[in-house]
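Structure file structure_19.pdb (PDB, C-alpha atoms, pLDDT in the B column) is printed below.
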ATOM      1  CA  MET A   9      13.247 -41.059 -92.869  1.00 67.00           C
ATOM      2  CA  SER A  10      10.867 -42.262 -90.188  1.00 75.00           C
ATOM      3  CA  LEU A  11       9.715 -45.831 -89.762  1.00 72.00           C
ATOM      4  CA  ILE A  12       6.160 -44.886 -90.705  1.00 77.00           C
ATOM      5  CA  ALA A  13       7.350 -43.235 -93.931  1.00 81.00           C
ATOM      6  CA  ASN A  14       9.417 -46.307 -94.761  1.00 79.00           C
ATOM      7  CA  ILE A  15       6.427 -48.580 -94.250  1.00 79.00           C
ATOM      8  CA  LEU A  16       4.102 -46.304 -96.195  1.00 83.00           C
ATOM      9  CA  PHE A  17       6.456 -46.327 -99.156  1.00 87.00           C
ATOM     10  CA  PHE A  18       7.240 -50.012 -98.885  1.00 87.00           C
ATOM     11  CA  LEU A  19       3.717 -51.436 -98.717  1.00 89.00           C
ATOM     12  CA  PRO A  20       2.305 -50.134-102.057  1.00 91.00           C
ATOM     13  CA  LEU A  21       5.438 -51.163-103.929  1.00 92.00           C
ATOM     14  CA  CYS A  22       5.333 -54.596-102.320  1.00 92.00           C
ATOM     15  CA  LEU A  23       1.651 -54.946-103.274  1.00 93.00           C
ATOM     16  CA  VAL A  24       2.337 -54.055-106.908  1.00 93.00           C
ATOM     17  CA  ILE A  25       5.294 -56.449-107.111  1.00 93.00           C
ATOM     18  CA  CYS A  26       3.191 -59.266-105.628  1.00 93.00           C
ATOM     19  CA  LEU A  27       0.288 -58.615-108.021  1.00 94.00           C
ATOM     20  CA  VAL A  28       2.444 -58.447-111.148  1.00 93.00           C
ATOM     21  CA  SER A  29       4.555 -61.463-110.250  1.00 92.00           C
ATOM     22  CA  SER A  30       1.498 -63.546-109.397  1.00 93.00           C
ATOM     23  CA  THR A  31      -0.054 -62.824-112.805  1.00 91.00           C
ATOM     24  CA  LEU A  32       2.604 -64.883-114.575  1.00 88.00           C
ATOM     25  CA  ARG A  33       1.432 -68.359-115.537  1.00 84.00           C
ATOM     26  CA  ARG A  34      -2.100 -67.742-114.258  1.00 88.00           C
ATOM     27  CA  GLU A  35      -4.999 -67.776-116.627  1.00 86.00           C
ATOM     28  CA  THR A  36      -7.457 -65.440-114.929  1.00 89.00           C
ATOM     29  CA  ILE A  37      -6.989 -62.057-113.300  1.00 91.00           C
ATOM     30  CA  SER A  38      -9.165 -62.950-110.307  1.00 92.00           C
ATOM     31  CA  GLU A  39      -6.978 -65.944-109.496  1.00 92.00           C
ATOM     32  CA  ALA A  40      -3.842 -63.806-109.868  1.00 93.00           C
ATOM     33  CA  VAL A  41      -5.262 -61.106-107.569  1.00 94.00           C
ATOM     34  CA  GLN A  42      -6.156 -63.675-104.912  1.00 94.00           C
ATOM     35  CA  VAL A  43      -2.703 -65.238-104.983  1.00 94.00           C
ATOM     36  CA  GLY A  44      -1.028 -61.808-105.119  1.00 94.00           C
ATOM     37  CA  LEU A  45      -2.917 -60.484-102.103  1.00 95.00           C
ATOM     38  CA  ARG A  46      -2.139 -63.614-100.103  1.00 95.00           C
ATOM     39  CA  LEU A  47       1.533 -63.279-101.045  1.00 94.00           C
ATOM     40  CA  PHE A  48       1.475 -59.596-100.113  1.00 94.00           C
ATOM     41  CA  VAL A  49       0.075 -60.272 -96.641  1.00 95.00           C
ATOM     42  CA  LYS A  50       2.557 -63.075 -96.003  1.00 94.00           C
ATOM     43  CA  MET A  51       5.521 -61.090 -97.313  1.00 91.00           C
ATOM     44  CA  SER A  52       4.611 -57.915 -95.409  1.00 90.00           C
ATOM     45  CA  LEU A  53       4.089 -59.774 -92.154  1.00 91.00           C
ATOM     46  CA  GLY A  54       7.338 -61.686 -92.641  1.00 91.00           C
ATOM     47  CA  ILE A  55       9.349 -58.533 -93.342  1.00 87.00           C
ATOM     48  CA  ILE A  56       7.790 -56.618 -90.436  1.00 86.00           C
ATOM     49  CA  VAL A  57       8.438 -59.503 -88.010  1.00 90.00           C
ATOM     50  CA  VAL A  58      12.048 -59.885 -89.191  1.00 90.00           C
ATOM     51  CA  CYS A  59      12.607 -56.108 -88.943  1.00 85.00           C
ATOM     52  CA  ALA A  60      11.136 -55.990 -85.424  1.00 86.00           C
ATOM     53  CA  LEU A  61      13.277 -58.925 -84.333  1.00 90.00           C
ATOM     54  CA  THR A  62      16.392 -57.334 -85.833  1.00 89.00           C
ATOM     55  CA  TYR A  63      15.565 -54.075 -84.107  1.00 85.00           C
ATOM     56  CA  PHE A  64      15.156 -55.694 -80.679  1.00 88.00           C
ATOM     57  CA  VAL A  65      18.301 -57.826 -81.081  1.00 90.00           C
ATOM     58  CA  MET A  66      20.312 -54.753 -82.051  1.00 87.00           C
ATOM     59  CA  GLU A  67      18.797 -52.781 -79.196  1.00 86.00           C
ATOM     60  CA  TRP A  68      19.656 -55.569 -76.796  1.00 85.00           C
ATOM     61  CA  ARG A  69      23.225 -56.012 -78.092  1.00 81.00           C
ATOM     62  CA  LEU A  70      24.099 -52.363 -78.608  1.00 80.00           C
ATOM     63  CA  GLY A  71      21.987 -50.888 -75.821  1.00 72.00           C
ATOM     64  CA  SER A  72      23.626 -52.854 -73.029  1.00 62.00           C
TER      65      SER A  72
ATOM     66  CA  MET B   6       9.652 -11.770-106.857  1.00 43.00           C
ATOM     67  CA  ARG B   7      10.059 -15.092-108.558  1.00 44.00           C
ATOM     68  CA  GLU B   8      13.231 -15.977-110.365  1.00 48.00           C
ATOM     69  CA  PRO B   9      12.874 -15.988-114.193  1.00 47.00           C
ATOM     70  CA  GLY B  10      11.831 -19.391-115.468  1.00 43.00           C
ATOM     71  CA  ALA B  11      10.670 -20.575-112.056  1.00 44.00           C
ATOM     72  CA  LEU B  12       7.481 -22.577-111.875  1.00 45.00           C
ATOM     73  CA  ARG B  13       4.848 -22.300-109.155  1.00 45.00           C
ATOM     74  CA  PRO B  14       6.360 -22.140-105.663  1.00 45.00           C
ATOM     75  CA  GLY B  15       6.231 -25.404-103.806  1.00 43.00           C
ATOM     76  CA  THR B  16       6.403 -27.624-106.882  1.00 45.00           C
ATOM     77  CA  GLY B  17       9.902 -28.736-105.903  1.00 45.00           C
ATOM     78  CA  PHE B  18      11.621 -28.109-109.224  1.00 47.00           C
ATOM     79  CA  ARG B  19      12.513 -25.286-111.549  1.00 47.00           C
ATOM     80  CA  ARG B  20      13.118 -24.910-115.231  1.00 47.00           C
ATOM     81  CA  VAL B  21      16.751 -24.652-116.279  1.00 47.00           C
ATOM     82  CA  GLY B  22      18.804 -25.237-119.403  1.00 46.00           C
ATOM     83  CA  PRO B  23      19.747 -28.670-120.775  1.00 47.00           C
ATOM     84  CA  ILE B  24      21.626 -31.006-118.433  1.00 46.00           C
ATOM     85  CA  GLU B  25      25.319 -31.344-119.093  1.00 45.00           C
ATOM     86  CA  PRO B  26      26.372 -34.964-119.473  1.00 44.00           C
ATOM     87  CA  ASP B  27      28.391 -35.275-116.260  1.00 43.00           C
ATOM     88  CA  ARG B  28      26.468 -32.887-114.097  1.00 44.00           C
ATOM     89  CA  ASN B  29      24.166 -35.262-112.312  1.00 46.00           C
ATOM     90  CA  VAL B  30      26.045 -38.530-112.323  1.00 45.00           C
ATOM     91  CA  GLY B  31      25.371 -40.055-108.913  1.00 46.00           C
ATOM     92  CA  ARG B  32      28.772 -40.475-107.325  1.00 44.00           C
ATOM     93  CA  PRO B  33      31.726 -39.063-109.220  1.00 45.00           C
ATOM     94  CA  GLY B  34      33.939 -39.781-106.201  1.00 46.00           C
ATOM     95  CA  PRO B  35      37.558 -38.883-105.571  1.00 48.00           C
ATOM     96  CA  LYS B  36      40.418 -40.572-107.365  1.00 54.00           C
ATOM     97  CA  ARG B  37      41.761 -43.732-105.756  1.00 56.00           C
ATOM     98  CA  ALA B  38      45.417 -44.588-105.194  1.00 59.00           C
ATOM     99  CA  ASP B  39      45.585 -46.451-108.523  1.00 60.00           C
ATOM    100  CA  GLY B  40      44.195 -43.437-110.394  1.00 60.00           C
ATOM    101  CA  SER B  41      40.739 -44.953-111.037  1.00 57.00           C
ATOM    102  CA  LYS B  42      37.489 -43.337-109.903  1.00 55.00           C
ATOM    103  CA  GLU B  43      34.314 -44.755-108.422  1.00 52.00           C
ATOM    104  CA  SER B  44      32.373 -43.490-111.448  1.00 57.00           C
ATOM    105  CA  ASP B  45      34.560 -45.756-113.629  1.00 60.00           C
ATOM    106  CA  ASP B  46      33.059 -48.746-111.798  1.00 63.00           C
ATOM    107  CA  VAL B  47      29.549 -47.473-112.502  1.00 64.00           C
ATOM    108  CA  THR B  48      30.351 -47.008-116.189  1.00 71.00           C
ATOM    109  CA  GLY B  49      31.869 -50.497-116.343  1.00 75.00           C
ATOM    110  CA  LEU B  50      28.799 -52.000-114.691  1.00 74.00           C
ATOM    111  CA  THR B  51      26.531 -50.147-117.108  1.00 74.00           C
ATOM    112  CA  GLN B  52      28.463 -51.449-120.099  1.00 79.00           C
ATOM    113  CA  ALA B  53      28.420 -55.002-118.743  1.00 81.00           C
ATOM    114  CA  ALA B  54      24.664 -54.818-118.185  1.00 78.00           C
ATOM    115  CA  LEU B  55      24.097 -53.407-121.669  1.00 80.00           C
ATOM    116  CA  LEU B  56      26.153 -56.247-123.175  1.00 85.00           C
ATOM    117  CA  LEU B  57      24.104 -58.767-121.202  1.00 85.00           C
ATOM    118  CA  CYS B  58      20.843 -57.196-122.431  1.00 83.00           C
ATOM    119  CA  ALA B  59      22.116 -57.226-126.027  1.00 85.00           C
ATOM    120  CA  GLY B  60      23.046 -60.925-125.659  1.00 87.00           C
ATOM    121  CA  PHE B  61      19.580 -61.801-124.384  1.00 83.00           C
ATOM    122  CA  ALA B  62      17.995 -59.777-127.206  1.00 84.00           C
ATOM    123  CA  VAL B  63      19.990 -61.705-129.833  1.00 87.00           C
ATOM    124  CA  TRP B  64      19.110 -65.034-128.192  1.00 86.00           C
ATOM    125  CA  PHE B  65      15.443 -64.030-128.126  1.00 83.00           C
ATOM    126  CA  LEU B  66      15.476 -63.021-131.822  1.00 84.00           C
ATOM    127  CA  VAL B  67      17.045 -66.329-132.802  1.00 82.00           C
ATOM    128  CA  GLN B  68      14.700 -68.685-130.951  1.00 82.00           C
ATOM    129  CA  SER B  69      11.322 -66.872-131.062  1.00 80.00           C
ATOM    130  CA  ASP B  70       8.611 -66.820-133.728  1.00 86.00           C
ATOM    131  CA  PRO B  71       7.278 -63.584-135.314  1.00 87.00           C
ATOM    132  CA  ARG B  72       4.144 -63.531-133.152  1.00 89.00           C
ATOM    133  CA  GLN B  73       6.232 -63.653-129.971  1.00 89.00           C
ATOM    134  CA  ARG B  74       8.588 -60.995-131.310  1.00 90.00           C
ATOM    135  CA  ILE B  75       5.774 -58.570-132.052  1.00 92.00           C
ATOM    136  CA  ALA B  76       4.092 -59.199-128.680  1.00 92.00           C
ATOM    137  CA  VAL B  77       7.325 -58.656-126.748  1.00 92.00           C
ATOM    138  CA  PHE B  78       8.296 -55.602-128.768  1.00 92.00           C
ATOM    139  CA  LEU B  79       4.888 -53.973-128.282  1.00 94.00           C
ATOM    140  CA  GLY B  80       5.004 -54.894-124.585  1.00 93.00           C
ATOM    141  CA  TRP B  81       8.392 -53.222-124.312  1.00 92.00           C
ATOM    142  CA  LEU B  82       7.142 -50.062-126.040  1.00 93.00           C
ATOM    143  CA  VAL B  83       3.987 -49.682-123.938  1.00 93.00           C
ATOM    144  CA  PRO B  84       3.307 -51.889-120.880  1.00 93.00           C
ATOM    145  CA  GLY B  85       0.354 -54.138-121.669  1.00 92.00           C
ATOM    146  CA  ALA B  86       0.354 -53.496-125.437  1.00 93.00           C
ATOM    147  CA  GLY B  87       1.746 -56.982-126.095  1.00 92.00           C
ATOM    148  CA  HIS B  88      -1.223 -58.563-124.331  1.00 93.00           C
ATOM    149  CA  LEU B  89      -3.580 -56.258-126.180  1.00 93.00           C
ATOM    150  CA  TYR B  90      -2.058 -57.468-129.461  1.00 93.00           C
ATOM    151  CA  LEU B  91      -2.667 -61.060-128.341  1.00 92.00           C
ATOM    152  CA  GLY B  92      -6.316 -60.325-127.590  1.00 91.00           C
ATOM    153  CA  ARG B  93      -6.028 -60.410-123.796  1.00 91.00           C
ATOM    154  CA  ARG B  94      -7.632 -57.092-123.010  1.00 92.00           C
ATOM    155  CA  ASP B  95      -8.282 -57.582-119.273  1.00 92.00           C
ATOM    156  CA  ARG B  96      -4.747 -58.743-118.646  1.00 92.00           C
ATOM    157  CA  ALA B  97      -3.349 -55.834-120.675  1.00 94.00           C
ATOM    158  CA  LEU B  98      -5.352 -53.277-118.709  1.00 94.00           C
ATOM    159  CA  PHE B  99      -4.493 -54.832-115.353  1.00 94.00           C
ATOM    160  CA  LEU B 100      -0.754 -55.083-115.974  1.00 94.00           C
ATOM    161  CA  GLY B 101      -0.511 -51.792-117.867  1.00 94.00           C
ATOM    162  CA  CYS B 102      -2.258 -49.847-115.102  1.00 94.00           C
ATOM    163  CA  LEU B 103      -0.056 -51.392-112.405  1.00 94.00           C
ATOM    164  CA  VAL B 104       3.220 -50.738-114.222  1.00 95.00           C
ATOM    165  CA  ILE B 105       2.406 -47.262-115.542  1.00 95.00           C
ATOM    166  CA  GLY B 106       0.835 -46.245-112.210  1.00 95.00           C
ATOM    167  CA  THR B 107       3.956 -47.275-110.276  1.00 94.00           C
ATOM    168  CA  PHE B 108       6.190 -45.496-112.774  1.00 94.00           C
ATOM    169  CA  VAL B 109       4.215 -42.254-112.538  1.00 94.00           C
ATOM    170  CA  ALA B 110       4.045 -42.518-108.741  1.00 94.00           C
ATOM    171  CA  GLY B 111       7.854 -42.725-108.678  1.00 92.00           C
ATOM    172  CA  MET B 112       8.128 -39.641-110.844  1.00 90.00           C
ATOM    173  CA  VAL B 113       5.746 -37.698-108.608  1.00 91.00           C
ATOM    174  CA  ILE B 114       7.639 -38.722-105.456  1.00 90.00           C
ATOM    175  CA  ALA B 115      10.970 -37.646-107.011  1.00 87.00           C
ATOM    176  CA  ASP B 116       9.631 -34.311-108.327  1.00 85.00           C
ATOM    177  CA  PHE B 117       9.779 -35.587-111.945  1.00 86.00           C
ATOM    178  CA  CYS B 118      13.587 -35.465-111.942  1.00 82.00           C
ATOM    179  CA  ASN B 119      14.458 -39.150-111.721  1.00 82.00           C
ATOM    180  CA  ILE B 120      14.099 -40.368-115.313  1.00 83.00           C
ATOM    181  CA  SER B 121      17.115 -39.704-117.446  1.00 73.00           C
ATOM    182  CA  PRO B 122      18.934 -42.797-118.569  1.00 63.00           C
ATOM    183  CA  PHE B 123      22.708 -42.640-118.369  1.00 64.00           C
ATOM    184  CA  ASP B 124      23.259 -38.993-117.513  1.00 64.00           C
ATOM    185  CA  ARG B 125      21.781 -38.798-114.021  1.00 66.00           C
ATOM    186  CA  HIS B 126      21.889 -42.337-112.646  1.00 70.00           C
ATOM    187  CA  PRO B 127      23.639 -44.890-114.849  1.00 70.00           C
ATOM    188  CA  ILE B 128      22.544 -47.785-112.618  1.00 75.00           C
ATOM    189  CA  TRP B 129      18.875 -46.816-112.658  1.00 81.00           C
ATOM    190  CA  GLY B 130      19.281 -46.162-116.389  1.00 81.00           C
ATOM    191  CA  ILE B 131      19.764 -49.892-116.915  1.00 82.00           C
ATOM    192  CA  ALA B 132      16.464 -50.626-115.190  1.00 85.00           C
ATOM    193  CA  GLN B 133      14.773 -47.843-117.130  1.00 86.00           C
ATOM    194  CA  LEU B 134      15.802 -49.458-120.425  1.00 86.00           C
ATOM    195  CA  PHE B 135      12.921 -51.893-119.990  1.00 89.00           C
ATOM    196  CA  GLY B 136      10.406 -49.057-119.787  1.00 88.00           C
ATOM    197  CA  GLY B 137      10.487 -48.446-123.550  1.00 87.00           C
ATOM    198  CA  LEU B 138       8.451 -45.451-124.655  1.00 90.00           C
ATOM    199  CA  MET B 139       7.401 -44.784-121.074  1.00 89.00           C
ATOM    200  CA  SER B 140      11.007 -44.140-119.986  1.00 88.00           C
ATOM    201  CA  GLY B 141      12.020 -42.482-123.237  1.00 88.00           C
ATOM    202  CA  GLY B 142       9.074 -40.110-123.249  1.00 89.00           C
ATOM    203  CA  ALA B 143       9.510 -39.262-119.577  1.00 89.00           C
ATOM    204  CA  ALA B 144      13.239 -38.663-120.056  1.00 87.00           C
ATOM    205  CA  LEU B 145      12.598 -36.347-122.988  1.00 87.00           C
ATOM    206  CA  ALA B 146       9.793 -34.486-121.257  1.00 87.00           C
ATOM    207  CA  THR B 147      11.683 -33.935-118.012  1.00 84.00           C
ATOM    208  CA  SER B 148      15.263 -33.513-119.224  1.00 80.00           C
ATOM    209  CA  HIS B 149      15.128 -29.765-118.618  1.00 79.00           C
ATOM    210  CA  LEU B 150      14.190 -30.149-114.936  1.00 78.00           C
ATOM    211  CA  MET B 151      16.757 -30.040-112.152  1.00 75.00           C
ATOM    212  CA  ARG B 152      16.443 -31.071-108.531  1.00 71.00           C
ATOM    213  CA  GLU B 153      15.908 -28.093-106.313  1.00 71.00           C
ATOM    214  CA  GLY B 154      16.428 -28.317-102.583  1.00 71.00           C
ATOM    215  CA  ASP B 155      16.709 -31.579-100.718  1.00 79.00           C
ATOM    216  CA  ASN B 156      13.941 -34.060-101.380  1.00 79.00           C
ATOM    217  CA  PRO B 157      14.401 -36.862 -98.808  1.00 84.00           C
ATOM    218  CA  TYR B 158      12.240 -39.176-100.912  1.00 85.00           C
ATOM    219  CA  TYR B 159      14.144 -38.692-104.155  1.00 84.00           C
ATOM    220  CA  PHE B 160      15.697 -42.153-104.187  1.00 85.00           C
ATOM    221  CA  ILE B 161      12.383 -43.724-103.191  1.00 89.00           C
ATOM    222  CA  GLY B 162      11.014 -42.213-106.405  1.00 88.00           C
ATOM    223  CA  CYS B 163      13.957 -43.675-108.337  1.00 89.00           C
ATOM    224  CA  LEU B 164      13.198 -47.042-106.756  1.00 91.00           C
ATOM    225  CA  TYR B 165       9.510 -46.912-107.707  1.00 93.00           C
ATOM    226  CA  SER B 166      10.199 -45.986-111.329  1.00 92.00           C
ATOM    227  CA  GLY B 167      13.065 -48.467-111.640  1.00 91.00           C
ATOM    228  CA  VAL B 168      10.976 -51.294-110.183  1.00 93.00           C
ATOM    229  CA  ALA B 169       8.092 -50.383-112.516  1.00 94.00           C
ATOM    230  CA  CYS B 170      10.407 -50.714-115.520  1.00 93.00           C
ATOM    231  CA  LEU B 171      11.755 -54.034-114.231  1.00 93.00           C
ATOM    232  CA  MET B 172       8.188 -55.230-113.747  1.00 94.00           C
ATOM    233  CA  ASN B 173       7.596 -54.403-117.386  1.00 94.00           C
ATOM    234  CA  LEU B 174      10.234 -57.055-118.088  1.00 92.00           C
ATOM    235  CA  LEU B 175       7.991 -59.552-116.260  1.00 93.00           C
ATOM    236  CA  VAL B 176       5.024 -58.315-118.312  1.00 94.00           C
ATOM    237  CA  MET B 177       7.045 -58.863-121.502  1.00 93.00           C
ATOM    238  CA  ILE B 178       7.917 -62.382-120.367  1.00 91.00           C
ATOM    239  CA  ASP B 179       4.224 -63.029-119.735  1.00 92.00           C
ATOM    240  CA  ALA B 180       3.376 -61.729-123.223  1.00 92.00           C
ATOM    241  CA  TYR B 181       6.032 -64.054-124.663  1.00 91.00           C
ATOM    242  CA  ASP B 182       4.535 -66.938-122.716  1.00 89.00           C
ATOM    243  CA  CYS B 183       0.998 -66.110-123.881  1.00 89.00           C
ATOM    244  CA  ALA B 184       2.122 -65.768-127.501  1.00 88.00           C
ATOM    245  CA  GLY B 185       3.739 -69.192-127.325  1.00 80.00           C
ATOM    246  CA  LYS B 186       0.392 -70.851-126.616  1.00 72.00           C
ATOM    247  CA  PRO B 187      -1.568 -70.442-129.867  1.00 60.00           C
ATOM    248  CA  ASP B 188      -4.590 -72.433-128.679  1.00 53.00           C
ATOM    249  CA  GLU B 189      -4.986 -70.389-125.522  1.00 51.00           C
ATOM    250  CA  ALA B 190      -4.058 -67.018-126.965  1.00 46.00           C
ATOM    251  CA  ALA B 191      -7.590 -65.740-127.137  1.00 51.00           C
ATOM    252  CA  GLU B 192      -9.499 -64.678-124.040  1.00 50.00           C
ATOM    253  CA  SER B 193     -10.006 -67.593-121.680  1.00 51.00           C
ATOM    254  CA  PRO B 194     -13.665 -68.591-121.223  1.00 49.00           C
ATOM    255  CA  GLU B 195     -13.761 -67.260-117.658  1.00 50.00           C
ATOM    256  CA  GLU B 196     -12.406 -63.824-118.668  1.00 49.00           C
ATOM    257  CA  THR B 197     -14.808 -63.641-121.598  1.00 46.00           C
ATOM    258  CA  ALA B 198     -17.741 -64.500-119.355  1.00 47.00           C
ATOM    259  CA  ALA B 199     -16.710 -61.807-116.875  1.00 44.00           C
TER     260      ALA B 199
END
Taking this structure as input, can you express it in the form of structure tokens?
Amino acid sequence: MSLIANILFFLPLCLVICLVSSTLRRETISEAVQVGLRLFVKMSLGIIVVCALTYFVMEWRLGS
Amino acid sequence: MREPGALRPGTGFRRVGPIEPDRNVGRPGPKRADGSKESDDVTGLTQAALLLCAGFAVWFLVQSDPRQRIAVFLGWLVPGAGHLYLGRRDRALFLGCLVIGTFVAGMVIADFCNISPFDRHPIWGIAQLFGGLMSGGAALATSHLMREGDNPYYFIGCLYSGVACLMNLLVMIDAYDCAGKPDEAAESPEETAA
């Protein structure tokens, strides 16, 4: 499966998980959506950065 | 000419007879040196998880009040129904749409062949336990379908549906939490105003 397909499948699932988990213990939906979207952006960026770093480290170690 | 019982071409599945119990178990695996099989591990894990779930259910029944029990039970049957019972309509719609939408998306990705607790994928079957009527209905409605060809996204579909059912567990916990707060059980002022 290509990287683009992986990302396309990962992002919606990540968004749904963030939205549902941020609803717990929050009184209003709008507050939960705000927190969930913020969490989604942070989590997606974090995972993409870690994946890119892992990719380059592996390329550097295995490619040489 | 189409094969008898085949559906429209390009739908990715075909109609066949009932699934035999062992036919689609994920990894039957060869026998090991000690005579055990990999599928024995899966069965053991399934039984352990079922015991754990039963333990939690008993603990919940002992320490909860009737209002919490009804909310959690309805939430298990249909995602969001527990919140609806508690009078939180917006929350019920929001959570129900997210969970059911993810579940259906998983089924579409996997050609509607991924829901079948304990005869296709015992491990995913544990996750699907928390889907209640959603999983049960889907399993009944699609039990006659078999995977045809190689769908590279099949396990992505399993993941989506499994995660949706596990998220329903979070929704049930939220319903339990809401039911435990009698003064705040009704719509909050902000939601009512909206």
Worksheet item: Which is closest to B:Arg74 among B:Ala180, B:Leu100, B:Leu50, B:Ile131, if we use all atoms listed in the file?
Response: B:Ala180
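Selection by the PyMOL selection byres ((chain B and resi 108) around 8) on the present file picks out B:Val104, B:Ile105, B:Gly106, B:Thr107, B:Val109, B:Ala110, B:Gly111, B:Met112, B:Tyr165, B:Ser166, B:Gly167, B:Val168, B:Ala169, B:Cys170.
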Practice prompt. Considering all atoms listed in the file, state which residue in the set B:Phe160, B:Phe65, B:Phe99, B:Phe78 is at the smallest distance from chain A.
Written response: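 Ranked by minimum distance to chain A, first place goes to B:Phe99.
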Worksheet item: Written as number ranges by chain, which residues does the PyMOL selection byres ((chain B) within 8 of (chain A)) give for the file shown?
Response: B: 95-96, 99-100, 103, 107, 157, 161, 165, 172, 175-176, 179, 182, 193, 195-196
Worksheet item: Between atom CA of B:Ile128 and atom CA of A:Ser10, what is the distance, to one decimal in Å?
Response: 25.9 Å
Practice prompt. Tell me, in Å to one decimal, how far atom CA of B:Ser69 is from atom CA of B:Gln52.
Written response: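 It comes out at 25.5 Å.
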Worksheet item: atom CA of B:Thr51 and atom CA of B:Gly136 are how many Å apart?
Response: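 One can read the atom CA of B:Thr51 to atom CA of B:Gly136 distance as 16.4 Å.
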List the residues selected by the PyMOL selection byres ((chain B and resi 130) around 12) in the file shown, writing them as a CSV table (one decimal) with C-alpha atoms, keeping the file's coordinate frame.
chain,number,residue,atom,x,y,z
B,30,VAL,CA,26.0,-38.5,-112.3
B,31,GLY,CA,25.4,-40.1,-108.9
B,47,VAL,CA,29.5,-47.5,-112.5
B,48,THR,CA,30.4,-47.0,-116.2
B,50,LEU,CA,28.8,-52.0,-114.7
B,51,THR,CA,26.5,-50.1,-117.1
B,52,GLN,CA,28.5,-51.4,-120.1
B,54,ALA,CA,24.7,-54.8,-118.2
B,55,LEU,CA,24.1,-53.4,-121.7
B,119,ASN,CA,14.5,-39.2,-111.7
B,120,ILE,CA,14.1,-40.4,-115.3
B,121,SER,CA,17.1,-39.7,-117.4
B,122,PRO,CA,18.9,-42.8,-118.6
B,123,PHE,CA,22.7,-42.6,-118.4
B,124,ASP,CA,23.3,-39.0,-117.5
B,125,ARG,CA,21.8,-38.8,-114.0
B,126,HIS,CA,21.9,-42.3,-112.6
B,127,PRO,CA,23.6,-44.9,-114.8
B,128,ILE,CA,22.5,-47.8,-112.6
B,129,TRP,CA,18.9,-46.8,-112.7
B,131,ILE,CA,19.8,-49.9,-116.9
B,132,ALA,CA,16.5,-50.6,-115.2
B,133,GLN,CA,14.8,-47.8,-117.1
B,134,LEU,CA,15.8,-49.5,-120.4
B,135,PHE,CA,12.9,-51.9,-120.0
B,136,GLY,CA,10.4,-49.1,-119.8
B,137,GLY,CA,10.5,-48.4,-123.6
B,140,SER,CA,11.0,-44.1,-120.0
B,141,GLY,CA,12.0,-42.5,-123.2
B,144,ALA,CA,13.2,-38.7,-120.1
B,163,CYS,CA,14.0,-43.7,-108.3
B,164,LEU,CA,13.2,-47.0,-106.8
B,166,SER,CA,10.2,-46.0,-111.3
B,167,GLY,CA,13.1,-48.5,-111.6
B,168,VAL,CA,11.0,-51.3,-110.2
B,170,CYS,CA,10.4,-50.7,-115.5
B,171,LEU,CA,11.8,-54.0,-114.2
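Here the residues that fall within 7 Å of (-1.1, -63.3, -106.3), using all atoms listed in the file, are given as Cys26, Leu27, Ser30, Thr31, Ala40, Val41, Gln42, Val43, Gly44, Leu45, Arg46 and Leu47 of chain A.
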Fill in: Within 7 Å of B:Val83 using all atoms listed in the file, minus same-chain residues under 4 positions, as number ranges by chain
B: 79, 137-139
Worksheet entry | Which of B:Cys183, B:Leu56, B:Leu145, B:Met177 sits closest to B:Gly85 [using only C-alpha atoms] |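 Checking each of B:Cys183, B:Leu56, B:Leu145, B:Met177 against B:Gly85, counting only C-alpha atoms, the winner is B:Met177.
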